[in-house]
file final_4.cif (mmCIF, C-alpha atoms)
data_my_file
loop_
_atom_site.group_PDB
_atom_site.id
_atom_site.type_symbol
_atom_site.label_atom_id
_atom_site.label_comp_id
_atom_site.auth_asym_id
_atom_site.auth_seq_id
_atom_site.Cartn_x
_atom_site.Cartn_y
_atom_site.Cartn_z
ATOM 1 C CA MET A 28 -92.256 -43.953 -68.049
ATOM 2 C CA HIS A 29 -94.218 -42.933 -65.036
ATOM 3 C CA ARG A 30 -92.475 -43.044 -61.632
ATOM 4 C CA HIS A 31 -94.204 -43.046 -58.300
ATOM 5 C CA PRO A 32 -93.602 -39.835 -56.234
ATOM 6 C CA CYS A 33 -92.382 -41.861 -53.231
ATOM 7 C CA SER A 34 -89.668 -43.526 -55.345
ATOM 8 C CA ILE A 35 -88.396 -40.159 -56.530
ATOM 9 C CA ALA A 36 -88.161 -38.839 -52.944
ATOM 10 C CA LEU A 37 -86.281 -41.951 -51.794
ATOM 11 C CA VAL A 38 -83.692 -41.644 -54.592
ATOM 12 C CA ALA A 39 -83.092 -37.953 -53.723
ATOM 13 C CA ALA A 40 -82.546 -38.748 -50.016
ATOM 14 C CA LEU A 41 -79.990 -41.468 -50.811
ATOM 15 C CA ALA A 42 -78.046 -39.088 -53.122
ATOM 16 C CA LEU A 43 -77.935 -36.388 -50.425
ATOM 17 C CA ALA A 44 -76.667 -38.851 -47.816
ATOM 18 C CA ALA A 45 -73.925 -40.081 -50.109
ATOM 19 C CA GLY A 46 -72.723 -36.505 -50.777
ATOM 20 C CA SER A 47 -72.563 -35.710 -47.057
ATOM 21 C CA ALA A 48 -70.453 -38.802 -46.331
ATOM 22 C CA GLN A 49 -67.921 -37.836 -48.991
ATOM 23 C CA ALA A 50 -67.625 -34.321 -47.549
ATOM 24 C CA GLN A 51 -66.999 -35.656 -44.009
ATOM 25 C CA GLN A 52 -64.339 -38.053 -45.286
ATOM 26 C CA HIS A 53 -62.582 -35.178 -47.054
ATOM 27 C CA ASP A 54 -62.565 -33.043 -43.875
ATOM 28 C CA HIS A 55 -61.182 -35.874 -41.720
ATOM 29 C CA SER A 56 -58.384 -36.449 -44.187
ATOM 30 C CA GLN A 57 -57.360 -32.804 -43.988
ATOM 31 C CA HIS A 58 -57.482 -32.665 -40.138
ATOM 32 C CA GLY A 59 -55.532 -35.856 -39.827
ATOM 33 C CA THR A 60 -52.560 -34.719 -41.879
ATOM 34 C CA ALA A 61 -52.219 -31.182 -40.399
ATOM 35 C CA PRO A 62 -51.085 -32.188 -36.851
ATOM 36 C CA ALA A 63 -48.527 -34.589 -38.253
ATOM 37 C CA GLU A 64 -47.051 -31.891 -40.423
ATOM 38 C CA SER A 65 -46.954 -29.432 -37.430
ATOM 39 C CA GLU A 66 -45.209 -31.933 -35.161
ATOM 40 C CA SER A 67 -42.663 -32.589 -37.852
ATOM 41 C CA LYS A 68 -41.878 -28.893 -38.182
ATOM 42 C CA VAL A 69 -41.460 -28.515 -34.356
ATOM 43 C CA ALA A 70 -39.083 -31.467 -34.245
ATOM 44 C CA ASP A 71 -37.024 -30.032 -37.076
ATOM 45 C CA GLN A 72 -36.805 -26.638 -35.314
ATOM 46 C CA ALA A 73 -35.698 -28.272 -32.031
ATOM 47 C CA THR A 74 -32.953 -30.137 -33.892
ATOM 48 C CA VAL A 75 -31.714 -26.884 -35.403
ATOM 49 C CA ASP A 76 -31.735 -25.121 -31.970
ATOM 50 C CA HIS A 77 -29.751 -27.913 -30.302
ATOM 51 C CA SER A 78 -27.196 -27.933 -33.061
ATOM 52 C CA GLN A 79 -26.777 -24.159 -32.809
ATOM 53 C CA HIS A 80 -26.381 -24.385 -28.994
ATOM 54 C CA ASP A 81 -23.728 -27.118 -29.297
ATOM 55 C CA GLU A 82 -21.865 -25.077 -31.880
ATOM 56 C CA ALA A 83 -22.003 -21.913 -29.718
ATOM 57 C CA SER A 84 -20.745 -23.780 -26.638
ATOM 58 C CA THR A 85 -17.593 -24.845 -28.434
ATOM 59 C CA GLN A 86 -16.763 -21.342 -29.607
ATOM 60 C CA THR A 87 -14.458 -18.952 -27.675
ATOM 61 C CA PRO A 88 -16.321 -16.237 -25.597
ATOM 62 C CA ARG A 89 -16.458 -12.838 -27.205
ATOM 63 C CA THR A 90 -14.985 -11.225 -24.017
ATOM 64 C CA PRO A 91 -12.639 -13.851 -22.523
ATOM 65 C CA ILE A 92 -11.568 -13.509 -18.850
ATOM 66 C CA PRO A 93 -7.895 -12.495 -18.750
ATOM 67 C CA PRO A 94 -5.525 -14.744 -16.795
ATOM 68 C CA ILE A 95 -4.687 -13.748 -13.185
ATOM 69 C CA THR A 96 -1.287 -12.079 -12.931
ATOM 70 C CA ASP A 97 1.105 -11.660 -9.983
ATOM 71 C CA ALA A 98 0.107 -7.982 -9.795
ATOM 72 C CA ASP A 99 -3.532 -9.012 -9.328
ATOM 73 C CA ARG A 100 -2.602 -11.405 -6.525
ATOM 74 C CA GLU A 101 -0.539 -8.730 -4.807
ATOM 75 C CA ALA A 102 -3.382 -6.194 -5.024
ATOM 76 C CA ALA A 103 -5.783 -8.694 -3.423
ATOM 77 C CA GLU A 104 -3.571 -9.126 -0.358
ATOM 78 C CA PRO A 105 -4.442 -6.868 2.668
ATOM 79 C CA PRO A 106 -1.799 -4.396 3.805
ATOM 80 C CA ALA A 107 0.842 -5.874 6.072
ATOM 81 C CA HIS A 108 -0.104 -3.576 8.971
ATOM 82 C CA ALA A 109 -3.720 -4.783 8.835
ATOM 83 C CA HIS A 110 -2.652 -7.891 10.769
ATOM 84 C CA ASP A 111 -0.885 -5.810 13.408
ATOM 85 C CA HIS A 112 -3.533 -4.699 15.891
ATOM 86 C CA GLY A 113 -1.039 -2.645 17.869
ATOM 87 C CA SER A 114 0.237 -0.448 15.053
ATOM 88 C CA GLY A 115 -2.129 2.517 15.528
ATOM 89 C CA VAL A 116 -2.049 4.789 18.574
ATOM 90 C CA PHE A 117 -5.274 6.569 19.531
ATOM 91 C CA SER A 118 -6.531 8.610 22.484
ATOM 92 C CA TYR A 119 -9.847 9.378 24.145
ATOM 93 C CA LEU A 120 -11.007 11.697 26.947
ATOM 94 C CA LEU A 121 -14.515 11.783 28.383
ATOM 95 C CA PHE A 122 -15.994 13.858 31.205
ATOM 96 C CA ASP A 123 -19.042 11.705 31.726
ATOM 97 C CA ARG A 124 -20.166 13.883 34.626
ATOM 98 C CA LEU A 125 -19.196 17.476 35.261
ATOM 99 C CA GLU A 126 -22.028 18.864 37.374
ATOM 100 C CA THR A 127 -23.121 21.185 40.151
ATOM 101 C CA TRP A 128 -26.078 21.540 42.510
ATOM 102 C CA ASP A 129 -27.411 23.863 45.204
ATOM 103 C CA ALA A 130 -27.819 22.346 48.675
ATOM 104 C CA GLU A 131 -27.165 22.983 52.350
ATOM 105 C CA PRO A 132 -24.706 24.101 53.622
ATOM 106 C CA GLY A 133 -23.630 25.325 50.157
ATOM 107 C CA ASN A 134 -23.160 24.500 46.536
ATOM 108 C CA GLY A 135 -21.719 21.169 45.509
ATOM 109 C CA GLN A 136 -19.777 19.891 42.553
ATOM 110 C CA ALA A 137 -18.954 16.426 41.239
ATOM 111 C CA TRP A 138 -16.949 14.951 38.410
ATOM 112 C CA GLU A 139 -16.306 11.604 36.798
ATOM 113 C CA ALA A 140 -13.793 11.340 33.963
ATOM 114 C CA GLN A 141 -11.879 8.687 32.101
ATOM 115 C CA ALA A 142 -9.248 8.698 29.381
ATOM 116 C CA TRP A 143 -7.104 6.214 27.539
ATOM 117 C CA ILE A 144 -4.265 6.211 25.065
ATOM 118 C CA GLY A 145 -2.974 3.253 23.082
ATOM 119 C CA SER A 146 -4.024 0.727 20.473
ATOM 120 C CA ASP A 147 -6.800 -1.807 20.134
ATOM 121 C CA ARG A 148 -4.750 -4.328 22.118
ATOM 122 C CA HIS A 149 -2.884 -2.246 24.690
ATOM 123 C CA ARG A 150 -4.157 0.840 26.486
ATOM 124 C CA LEU A 151 -3.157 3.090 29.339
ATOM 125 C CA TRP A 152 -6.275 4.139 31.271
ATOM 126 C CA LEU A 153 -6.736 7.155 33.541
ATOM 127 C CA ARG A 154 -9.854 7.457 35.696
ATOM 128 C CA SER A 155 -10.910 9.958 38.310
ATOM 129 C CA GLU A 156 -14.023 10.848 40.254
ATOM 130 C CA GLY A 157 -14.779 13.015 43.230
ATOM 131 C CA GLU A 158 -17.198 15.302 45.019
ATOM 132 C CA ARG A 159 -17.033 18.673 46.765
ATOM 133 C CA SER A 160 -19.597 20.290 49.035
ATOM 134 C CA GLY A 161 -19.538 23.632 50.817
ATOM 135 C CA GLY A 162 -16.030 24.328 49.523
ATOM 136 C CA HIS A 163 -14.552 21.090 50.938
ATOM 137 C CA THR A 164 -13.458 18.007 49.036
ATOM 138 C CA GLU A 165 -15.407 15.093 50.457
ATOM 139 C CA SER A 166 -13.993 12.424 48.149
ATOM 140 C CA ALA A 167 -11.481 12.296 45.307
ATOM 141 C CA ASP A 168 -9.351 9.623 43.680
ATOM 142 C CA ILE A 169 -7.341 8.968 40.552
ATOM 143 C CA GLU A 170 -6.466 5.628 38.931
ATOM 144 C CA VAL A 171 -3.720 4.650 36.485
ATOM 145 C CA LEU A 172 -4.415 1.314 34.820
ATOM 146 C CA TYR A 173 -3.138 -0.895 32.037
ATOM 147 C CA GLY A 174 -5.867 -2.561 29.978
ATOM 148 C CA ARG A 175 -6.191 -5.112 27.219
ATOM 149 C CA PRO A 176 -9.175 -6.991 25.746
ATOM 150 C CA ILE A 177 -10.041 -10.421 27.151
ATOM 151 C CA ALA A 178 -13.309 -10.985 25.268
ATOM 152 C CA ARG A 179 -15.560 -9.242 22.832
ATOM 153 C CA TRP A 180 -16.696 -5.934 24.416
ATOM 154 C CA TRP A 181 -14.625 -6.537 27.591
ATOM 155 C CA ASP A 182 -11.240 -5.224 28.767
ATOM 156 C CA LEU A 183 -9.245 -6.358 31.772
ATOM 157 C CA VAL A 184 -7.568 -3.478 33.657
ATOM 158 C CA ALA A 185 -4.966 -3.507 36.409
ATOM 159 C CA GLY A 186 -2.954 -0.775 38.105
ATOM 160 C CA VAL A 187 -3.029 1.570 41.080
ATOM 161 C CA ARG A 188 -5.518 3.921 42.702
ATOM 162 C CA HIS A 189 -4.587 6.956 44.775
ATOM 163 C CA ASP A 190 -7.164 8.374 47.218
ATOM 164 C CA ILE A 191 -6.839 12.074 48.001
ATOM 165 C CA ALA A 192 -9.868 12.383 50.276
ATOM 166 C CA PRO A 193 -11.358 11.696 52.727
ATOM 167 C CA GLY A 194 -8.583 11.468 55.309
ATOM 168 C CA ASP A 195 -4.917 11.081 54.490
ATOM 169 C CA ASP A 196 -3.661 9.939 51.143
ATOM 170 C CA GLN A 197 -3.848 6.211 50.567
ATOM 171 C CA ASN A 198 -2.839 3.884 47.727
ATOM 172 C CA PHE A 199 -4.484 0.700 46.454
ATOM 173 C CA ALA A 200 -3.652 -1.957 43.922
ATOM 174 C CA ALA A 201 -6.546 -2.284 41.487
ATOM 175 C CA ILE A 202 -7.851 -4.942 39.130
ATOM 176 C CA GLY A 203 -11.156 -5.022 37.292
ATOM 177 C CA VAL A 204 -13.092 -5.156 34.045
ATOM 178 C CA ILE A 205 -14.623 -2.561 31.745
ATOM 179 C CA GLY A 206 -17.162 -3.492 29.133
ATOM 180 C CA MET A 207 -20.687 -3.855 27.903
ATOM 181 C CA ALA A 208 -23.028 -6.392 29.483
ATOM 182 C CA PRO A 209 -26.028 -7.912 27.662
ATOM 183 C CA TYR A 210 -28.755 -5.405 26.725
ATOM 184 C CA LYS A 211 -26.021 -2.736 26.299
ATOM 185 C CA PHE A 212 -25.373 -1.932 29.953
ATOM 186 C CA GLU A 213 -21.953 -0.293 30.325
ATOM 187 C CA VAL A 214 -20.230 -1.765 33.376
ATOM 188 C CA GLU A 215 -17.112 -0.933 35.378
ATOM 189 C CA ALA A 216 -16.254 -3.338 38.222
ATOM 190 C CA THR A 217 -12.998 -2.961 40.158
ATOM 191 C CA ALA A 218 -11.515 -4.562 43.276
ATOM 192 C CA TYR A 219 -8.903 -2.793 45.432
ATOM 193 C CA LEU A 220 -6.256 -3.920 47.932
ATOM 194 C CA GLY A 221 -4.660 -1.291 50.171
ATOM 195 C CA ALA A 222 -1.184 -1.251 51.669
ATOM 196 C CA SER A 223 -2.605 -1.642 55.207
ATOM 197 C CA GLY A 224 -4.727 -4.652 54.217
ATOM 198 C CA GLN A 225 -7.835 -2.607 53.487
ATOM 199 C CA THR A 226 -9.973 -4.046 50.711
ATOM 200 C CA ALA A 227 -12.691 -2.380 48.684
ATOM 201 C CA ALA A 228 -14.780 -2.826 45.583
ATOM 202 C CA ARG A 229 -16.694 -0.479 43.328
ATOM 203 C CA ILE A 230 -19.173 -1.321 40.611
ATOM 204 C CA GLU A 231 -20.968 1.074 38.297
ATOM 205 C CA ALA A 232 -23.549 0.343 35.608
ATOM 206 C CA GLU A 233 -25.220 2.766 33.251
ATOM 207 C CA TYR A 234 -27.535 2.626 30.284
ATOM 208 C CA GLU A 235 -28.342 5.086 27.499
ATOM 209 C CA LEU A 236 -31.955 5.280 26.345
ATOM 210 C CA LEU A 237 -32.330 7.211 23.075
ATOM 211 C CA LEU A 238 -35.575 9.191 23.198
ATOM 212 C CA THR A 239 -34.556 10.872 19.933
ATOM 213 C CA ASN A 240 -31.292 11.026 18.018
ATOM 214 C CA ARG A 241 -30.143 13.867 20.288
ATOM 215 C CA LEU A 242 -32.185 13.518 23.497
ATOM 216 C CA ILE A 243 -30.790 10.748 25.715
ATOM 217 C CA LEU A 244 -31.901 9.518 29.133
ATOM 218 C CA GLN A 245 -29.095 7.962 31.180
ATOM 219 C CA PRO A 246 -29.822 5.968 34.363
ATOM 220 C CA VAL A 247 -26.746 5.182 36.508
ATOM 221 C CA ILE A 248 -26.182 3.116 39.652
ATOM 222 C CA GLU A 249 -22.945 2.919 41.640
ATOM 223 C CA ALA A 250 -22.183 0.873 44.759
ATOM 224 C CA GLU A 251 -19.162 0.782 47.096
ATOM 225 C CA TRP A 252 -18.123 -1.995 49.446
ATOM 226 C CA HIS A 253 -15.311 -2.079 52.046
ATOM 227 C CA GLY A 254 -13.672 -5.057 53.699
ATOM 228 C CA ARG A 255 -12.642 -3.389 56.986
ATOM 229 C CA ARG A 256 -13.673 -0.538 59.218
ATOM 230 C CA ASP A 257 -11.689 2.687 58.860
ATOM 231 C CA ALA A 258 -12.892 5.280 61.357
ATOM 232 C CA SER A 259 -10.425 7.940 60.158
ATOM 233 C CA ARG A 260 -12.179 7.957 56.806
ATOM 234 C CA GLY A 261 -15.695 7.405 58.073
ATOM 235 C CA ILE A 262 -15.854 3.993 56.409
ATOM 236 C CA GLY A 263 -17.535 0.941 57.879
ATOM 237 C CA ALA A 264 -17.184 -2.699 56.872
ATOM 238 C CA GLY A 265 -19.625 -4.025 54.301
ATOM 239 C CA LEU A 266 -21.813 -2.127 51.876
ATOM 240 C CA GLY A 267 -21.013 1.544 52.336
ATOM 241 C CA LYS A 268 -22.949 3.581 49.775
ATOM 242 C CA ILE A 269 -25.260 3.299 46.808
ATOM 243 C CA GLU A 270 -25.823 6.219 44.470
ATOM 244 C CA THR A 271 -28.458 6.249 41.740
ATOM 245 C CA GLY A 272 -28.929 8.925 39.138
ATOM 246 C CA LEU A 273 -31.163 9.792 36.220
ATOM 247 C CA ARG A 274 -29.806 12.369 33.795
ATOM 248 C CA LEU A 275 -31.414 13.758 30.652
ATOM 249 C CA ARG A 276 -28.976 15.253 28.164
ATOM 250 C CA TYR A 277 -29.251 16.929 24.794
ATOM 251 C CA GLU A 278 -26.382 16.307 22.383
ATOM 252 C CA PHE A 279 -25.755 19.426 20.342
ATOM 253 C CA THR A 280 -22.844 17.332 19.105
ATOM 254 C CA ARG A 281 -21.404 14.032 20.330
ATOM 255 C CA ARG A 282 -18.674 16.113 21.975
ATOM 256 C CA PHE A 283 -20.897 18.496 23.944
ATOM 257 C CA ALA A 284 -24.131 17.611 25.719
ATOM 258 C CA PRO A 285 -25.609 19.634 28.619
ATOM 259 C CA TYR A 286 -27.911 17.767 30.987
ATOM 260 C CA VAL A 287 -30.173 17.996 34.014
ATOM 261 C CA GLY A 288 -30.777 15.171 36.424
ATOM 262 C CA LEU A 289 -31.894 13.785 39.754
ATOM 263 C CA VAL A 290 -29.423 11.997 42.074
ATOM 264 C CA HIS A 291 -30.182 9.975 45.187
ATOM 265 C CA GLU A 292 -27.451 8.822 47.582
ATOM 266 C CA ARG A 293 -27.826 6.539 50.613
ATOM 267 C CA SER A 294 -25.304 5.213 53.135
ATOM 268 C CA PHE A 295 -25.588 1.832 54.860
ATOM 269 C CA GLY A 296 -24.327 0.003 57.941
ATOM 270 C CA ALA A 297 -21.426 1.407 59.916
ATOM 271 C CA THR A 298 -20.760 4.007 57.221
ATOM 272 C CA ALA A 299 -24.246 5.437 57.876
ATOM 273 C CA GLY A 300 -23.418 5.454 61.605
ATOM 274 C CA PHE A 301 -20.282 7.531 61.017
ATOM 275 C CA ARG A 302 -22.321 10.051 59.017
ATOM 276 C CA ARG A 303 -24.864 10.377 61.819
ATOM 277 C CA ASP A 304 -22.055 10.966 64.337
ATOM 278 C CA GLU A 305 -20.754 13.795 62.121
ATOM 279 C CA GLY A 306 -24.213 15.357 61.902
ATOM 280 C CA GLU A 307 -24.591 14.465 58.213
ATOM 281 C CA ALA A 308 -27.640 13.019 56.533
ATOM 282 C CA VAL A 309 -27.711 9.329 55.709
ATOM 283 C CA GLU A 310 -29.818 10.003 52.603
ATOM 284 C CA ASP A 311 -29.557 12.849 50.136
ATOM 285 C CA THR A 312 -31.567 13.683 47.018
ATOM 286 C CA ARG A 313 -30.533 16.557 44.798
ATOM 287 C CA VAL A 314 -31.230 18.125 41.407
ATOM 288 C CA VAL A 315 -28.078 18.516 39.323
ATOM 289 C CA ALA A 316 -27.093 20.306 36.141
ATOM 290 C CA GLY A 317 -23.974 19.841 34.135
ATOM 291 C CA ALA A 318 -22.390 18.867 30.848
ATOM 292 C CA ARG A 319 -20.918 15.794 29.219
ATOM 293 C CA LEU A 320 -17.727 16.561 27.306
ATOM 294 C CA TRP A 321 -15.850 14.332 24.894
ATOM 295 C CA PHE A 322 -12.429 15.069 23.403
#
call {"tool": "encode", "arguments": {"input": "final_4.cif", "output": "structure tokens"}}
result
Amino acid sequence: MHRHPCSIALVAALALAAGSAQAQQHDHSQHGTAPAESESKVADQATVDHSQHDEASTQTPRTPIPPITDADREAAEPPAHAHDHGSGVFSYLLFDRLETWDAEPGNGQAWEAQAWIGSDRHRLWLRSEGERSGGHTESADIEVLYGRPIARWWDLVAGVRHDIAPGDDQNFAAIGVIGMAPYKFEVEATAYLGASGQTAARIEAEYELLLTNRLILQPVIEAEWHGRRDASRGIGAGLGKIETGLRLRYEFTRRFAPYVGLVHERSFGATAGFRRDEGEAVEDTRVVAGARLWF
């Protein structure tokens, strides 16, 4: 039987299309079942993990924490003397200034020292400062004070001061504070009441600027005020003297530090008038050298 060529081509195209459709259906069936099987396996694994976690949480730890005993509690307690701030006795001695200079009419020397002995709560303070020039003591005093802390970084001190020079010996009652002001300024401020009704006050502030770990620049300012005129001592009422200093020291150790410095002193008011009457300068600037000693 003779078939037309167009009919043969049409039959072949239909057969090819049918085969392609069957192949696509087979692929879709495979891709559709794979994700379902994967999700099922993940779910089963999660169930196993949760069951294992629950079982592990109910088991006893391999290294259980031992119960706390009375010996453990006793070891955790601080020593009994740790609550007693007055149990330890300590001491301290500092020559903050021990210096000399060369000036007219001769060499001069000056000192400023303080010491204390006691505990953190109760201390006995000793302080002294003075100045000599041309072989004569121009000023010297010593103070004995009791001190105790009143705030963080601050101690209240009270006691007596004994003046050796100038003039005759004289005693004062003293009360003041010692401590560190903001920005680390060390401050000593003390008021005095003399037996004859004389009053006075002295304030000193200093600061330590660390140029290196061993090289330290120390500016200092000290002012004195008097309530009444005392001609025998060359003291006038009001602001009597201000002394400023700038000292550069090198600490070979914290206990020994030589220094050089520049000191300027100026008298005011009636005190300056007494100095003029004695032929002394109202202002004085000098180069000093000395050592700072700590024991």
call {"tool": "resolve_selection", "arguments": {"input": "final_4.cif", "expression": "the PyMOL selection byres ((chain A and resi 184) around 10)", "output": "MDAnalysis selection string"}}
result
chainID A and resid 150:152 171:177 181:183 185:186 201:205 216:217
call {"tool": "resolve_selection", "arguments": {"input": "final_4.cif", "expression": "the PyMOL selection byres ((chain A and resi 167) around 9)", "output": "ChimeraX atom specification"}}
result
/A:155-159,164-166,168-169,189-193
call {"tool": "resolve_selection", "arguments": {"input": "final_4.cif", "expression": "the PyMOL selection byres ((chain A and resi 278) around 12)", "output": "list in words"}}
result
Leu237, Leu238, Thr239, Asn240, Arg241, Leu242, Ile243, Leu244, Leu275, Arg276, Tyr277, Phe279, Thr280, Arg281, Arg282, Phe283, Ala284, Pro285, Tyr286, Ala318, Arg319, Leu320 and Trp321 of chain A
call {"tool": "atom_distance", "arguments": {"input": "final_4.cif", "atom1": "CA of Glu215 (chain A)", "atom2": "CA of Glu139 (chain A)"}}
result
12.6 Å
call {"tool": "atom_distance", "arguments": {"input": "final_4.cif", "atom1": "CA of Lys268 (chain A)", "atom2": "CA of Val309 (chain A)"}}
result
9.5 Å
call {"tool": "closest_residue", "arguments": {"input": "final_4.cif", "among": "A:Gly115, A:Gly206, A:Gly261, A:Gly133", "to": "Phe301 (chain A)", "atoms": "only C-alpha atoms"}}
result
A:Gly261
call {"tool": "closest_residue", "arguments": {"input": "final_4.cif", "among": "A:Glu305, A:Arg229, A:Arg256, A:Leu153", "to": "Ile269 (chain A)", "atoms": "all atoms listed in the file"}}
result
A:Arg229
